[in-house]
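Engineer: First the structure, which I've put down as structure tokens, then a few questions once you've had a look.
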Amino acid sequence: MNIQRFTDGRALSQDLARRILAAIDRQPGLVLGLPTGRTPLPLYAALREQTPPAGTDWSAVRTFNLDEFVGLGASDQESYRAYMERELFAAVGVDPTHVGFLDGRAADPDAECGRYEEAIAAAGGIDLMILGIGANGHIGFNEPAPGLHARTHRARLQPGTRAANAALFGGDISRVPDEALSMGMATILRARSVILMATGAGKAAAVDAMIRGPITTMLPASFLQLHPDVTVMVDLAASPR
Ligand code: GLP
């Protein structure tokens with residue numbers, strides 16, 4: 001893994017935004033995998049700032065987000081879909097028909113997961129997957145467990161992960177759904193290139209174990225050691241020893 005250290009989340013985000021925009025300039029039909037959470041908020045702000053009206057053209061970019069809460073859809077303000085509209089899609093001009101998203105309100109969640117895998121394949125696969133990491137080493141909603149799912153699936157969220165997501169729900173953990181739909185580990189590992197971003201001291205132990213520890217389902221991010229093109233961007237607080 002290629003580890004890159006930055007003084008803070010803002011410097012990290014500015015650099016990553018420049019990298020993403022350069023990738024789109026080189027390949028206008030780039031297929032991006034995208035995360036939610038607090039970590040990428042400064043990245044999305046930097047992308048909004050660095051995409052002036054005559055700047056990078058996002059109209060051919062296609063996106064696939066990692067995950068969505070079961071029971072929530074585009075019209076729910078707490079959904080990851082609404083978060084992405086607010087933080088990125090509308091401001092930079094992603095074509096709504098190019099947005100790939102799991103529908104947490106789908107009547108048949110298993111069928112929805114299968115549809116998502118097919119949509120990613122039909123787009124030619126993900127070129128660049130941007131990831132955050134949970135303090136317990138989860139990516140997307142692939143939580144530590146004795147076994148992991150390879151493909152997009154329905155996932156049960158651990159209490160700590162629900163607490164980490166409570167900010168979207170006015171700080172009320174009881175309102176955070178206890179299930180989500182998430183890309184699986186193989187879905188993520190099939191991306192051609194992966195960049196994981198981590199900021200803050202709360203992520204340091206997970207980042208260290210992801211890089212140095214054994215590959216284990218109890219720390220799902222450790223599976224990224226198997227991928228040939230992973231960059232880990234950290235601020236000093238999240239930096240591995
Ligand atoms: C959530 C998301 C993950 C994200 C993680 C970290 O559970 N499903 O994709 O990486 O939490 O979130 P944060 O960046 O807020 O710490």
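As shown in the structure tokens, the chain order sets the letters A, B, ...; within each chain, residues go from 1, and ligands are also counted from 1 in the order they appear.
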Show me, as a PyMOL selection string, the residues that have an atom within 8 Å of Ala60 in chain A when counting only C-alpha atoms, minus same-chain residues fewer than 6 positions from it.

Structural biologist: chain A and resi 28-30+94-95+98

Engineer: What residues have any atom no more than 7 Å from ligand 1 when counting only C-alpha atoms and all ligand atoms, and can you list them as a list in words?

Structural biologist: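 Using only C-alpha atoms and all ligand atoms, everything at most 7 Å from ligand 1 comes to Pro35, Thr36, Gly37, Arg38, Thr39, Pro40, Leu66, Asp67, Leu131, Gly132, Ile133, Gly134, Ala135, Ile139, Gly140, Phe141, Thr161, Ala164 and Asn165 of chain A.
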
Engineer: May I have the residues within 12 Å of Ala209 in chain A as an MDAnalysis selection string, using only C-alpha atoms and disregarding those fewer than 2 positions away in the same chain?

Structural biologist: chainID A and resid 133 135:138 203:207 211:216 218:225 238:241

Engineer: Need to verify the contact set: Glu179 in chain A, 7 Å, only C-alpha atoms, exclusion of same-chain residues closer than 6 positions in sequence. Can you return it as a VMD selection string?

Structural biologist: chain A and resid 69 to 70 154 to 157

Engineer: Could you give me, as a VMD selection string, the residues within 9 Å of Gly125 in chain A, counting only C-alpha atoms and dropping anything in the same chain fewer than 6 positions from it?

Structural biologist: chain A and resid 31 119 190 to 192

Engineer: Write out as a PyMOL selection string all residues of range 151-231 of chain A that DSSP puts in alpha helix (DSSP H) for this structure's backbone.

Structural biologist: chain A and resi 159-164+185-189+204-212

Engineer: Just how far from CA of Leu236 in chain A is CA of Asn65 in chain A, in Å to one decimal?

Structural biologist: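 Going from CA of Asn65 in chain A over to CA of Leu236 in chain A covers 27.0 Å.
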
Engineer: Among range 32-163 of chain A, which residues does DSSP mark as strand (DSSP E) when it is run on the backbone? Keep the chain and numbering as in the structure and answer as an MDAnalysis selection string.

Structural biologist: chainID A and resid 32:34 62:65 67:69 99:100 128:131 153:156

Engineer: Based on the selection just made, write C-alpha atoms of those residues as a PDB file, in the first residue's frame.

Structural biologist:
ATOM      1  CA  LEU A  32     -16.149   6.622  -9.573  1.00  0.00           C
ATOM      2  CA  GLY A  33     -16.982   4.693  -6.415  1.00  0.00           C
ATOM      3  CA  LEU A  34     -17.870   7.082  -3.594  1.00  0.00           C
ATOM      4  CA  ARG A  62     -20.606   7.812 -13.694  1.00  0.00           C
ATOM      5  CA  THR A  63     -20.822   7.226  -9.941  1.00  0.00           C
ATOM      6  CA  PHE A  64     -21.639   4.305  -7.681  1.00  0.00           C
ATOM      7  CA  ASN A  65     -21.948   4.905  -3.965  1.00  0.00           C
ATOM      8  CA  ASP A  67     -24.023   1.885   0.504  1.00  0.00           C
ATOM      9  CA  GLU A  68     -27.450   3.083   1.652  1.00  0.00           C
ATOM     10  CA  PHE A  69     -29.659   2.567   4.704  1.00  0.00           C
ATOM     11  CA  VAL A  99     -25.738   8.222 -10.685  1.00  0.00           C
ATOM     12  CA  GLY A 100     -25.670   4.621  -9.492  1.00  0.00           C
ATOM     13  CA  LEU A 128     -11.463   4.718  -8.999  1.00  0.00           C
ATOM     14  CA  MET A 129     -12.950   3.749  -5.645  1.00  0.00           C
ATOM     15  CA  ILE A 130     -12.730   6.335  -2.869  1.00  0.00           C
ATOM     16  CA  LEU A 131     -13.180   4.873   0.628  1.00  0.00           C
ATOM     17  CA  HIS A 153     -25.745  -7.479   0.199  1.00  0.00           C
ATOM     18  CA  ARG A 154     -28.005  -6.554   3.075  1.00  0.00           C
ATOM     19  CA  ALA A 155     -25.937  -5.814   6.212  1.00  0.00           C
ATOM     20  CA  ARG A 156     -26.779  -5.478   9.910  1.00  0.00           C
TER      21      ARG A 156
END

Engineer: Of the candidates A:Pro96, A:Thr199, A:Gln158, A:Pro146, which shows the shortest atom-to-atom distance to Pro42 in chain A, using only C-alpha atoms?

Structural biologist: A:Thr199

Engineer: Could you tell me which of A:Asp103, A:Glu118, A:Asp127, A:Asp235 comes closest to Tyr80 in chain A if we count only C-alpha atoms?

Structural biologist: A:Asp103

Engineer: What gap, in Å, lies between CA of Ala17 in chain A and CA of Glu78 in chain A?

Structural biologist: 24.6 Å

Engineer: To one decimal in Å, tell me the separation between CA of Leu47 in chain A and CA of Leu21 in chain A.

Structural biologist: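 Spanning CA of Leu47 in chain A to CA of Leu21 in chain A is a straight-line distance of 7.7 Å.
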
Engineer: Leaving out Val234 in chain A and any residue of its chain fewer than 3 positions from it, which residues lie within 8 Å of it when counting only C-alpha atoms, given as a list in words?

Structural biologist: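 Once the nearby chain positions are removed, what remains is Ile3, Gln4, Arg5, Phe6, Gly9, Leu12, Met197, Ala198, Thr199, Ala237, Ala238 and Ser239 of chain A.
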
Engineer: Just want the 9 Å neighbourhood of Pro159 in chain A, counted on only C-alpha atoms, with same-chain residues fewer than 4 positions away dropped. Output as a PDB file with N, CA and C atoms, in the first residue's frame.

Structural biologist:
ATOM      1  N   ALA A 163     -23.893   4.545  15.994  1.00  0.00           N
ATOM      2  CA  ALA A 163     -23.545   5.765  16.741  1.00  0.00           C
ATOM      3  C   ALA A 163     -22.747   6.716  15.849  1.00  0.00           C
ATOM      4  N   ALA A 164     -21.821   6.152  15.048  1.00  0.00           N
ATOM      5  CA  ALA A 164     -20.975   6.988  14.182  1.00  0.00           C
ATOM      6  C   ALA A 164     -21.799   7.666  13.092  1.00  0.00           C
ATOM      7  N   ILE A 173     -29.390   8.186  17.939  1.00  0.00           N
ATOM      8  CA  ILE A 173     -28.983   6.844  17.481  1.00  0.00           C
ATOM      9  C   ILE A 173     -30.193   5.961  17.202  1.00  0.00           C
ATOM     10  N   ASP A 178     -31.027  -0.062  11.484  1.00  0.00           N
ATOM     11  CA  ASP A 178     -30.041  -1.074  11.893  1.00  0.00           C
ATOM     12  C   ASP A 178     -29.645  -1.992  10.736  1.00  0.00           C
TER      13      ASP A 178
END

Engineer: Which is closer to Glu143 in chain A than all the others in A:Leu181, A:Ala167, A:Ala91, A:Ile120, using only C-alpha atoms?

Structural biologist: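 Nearest candidate to Glu143 in chain A out of A:Leu181, A:Ala167, A:Ala91, A:Ile120: A:Leu181.
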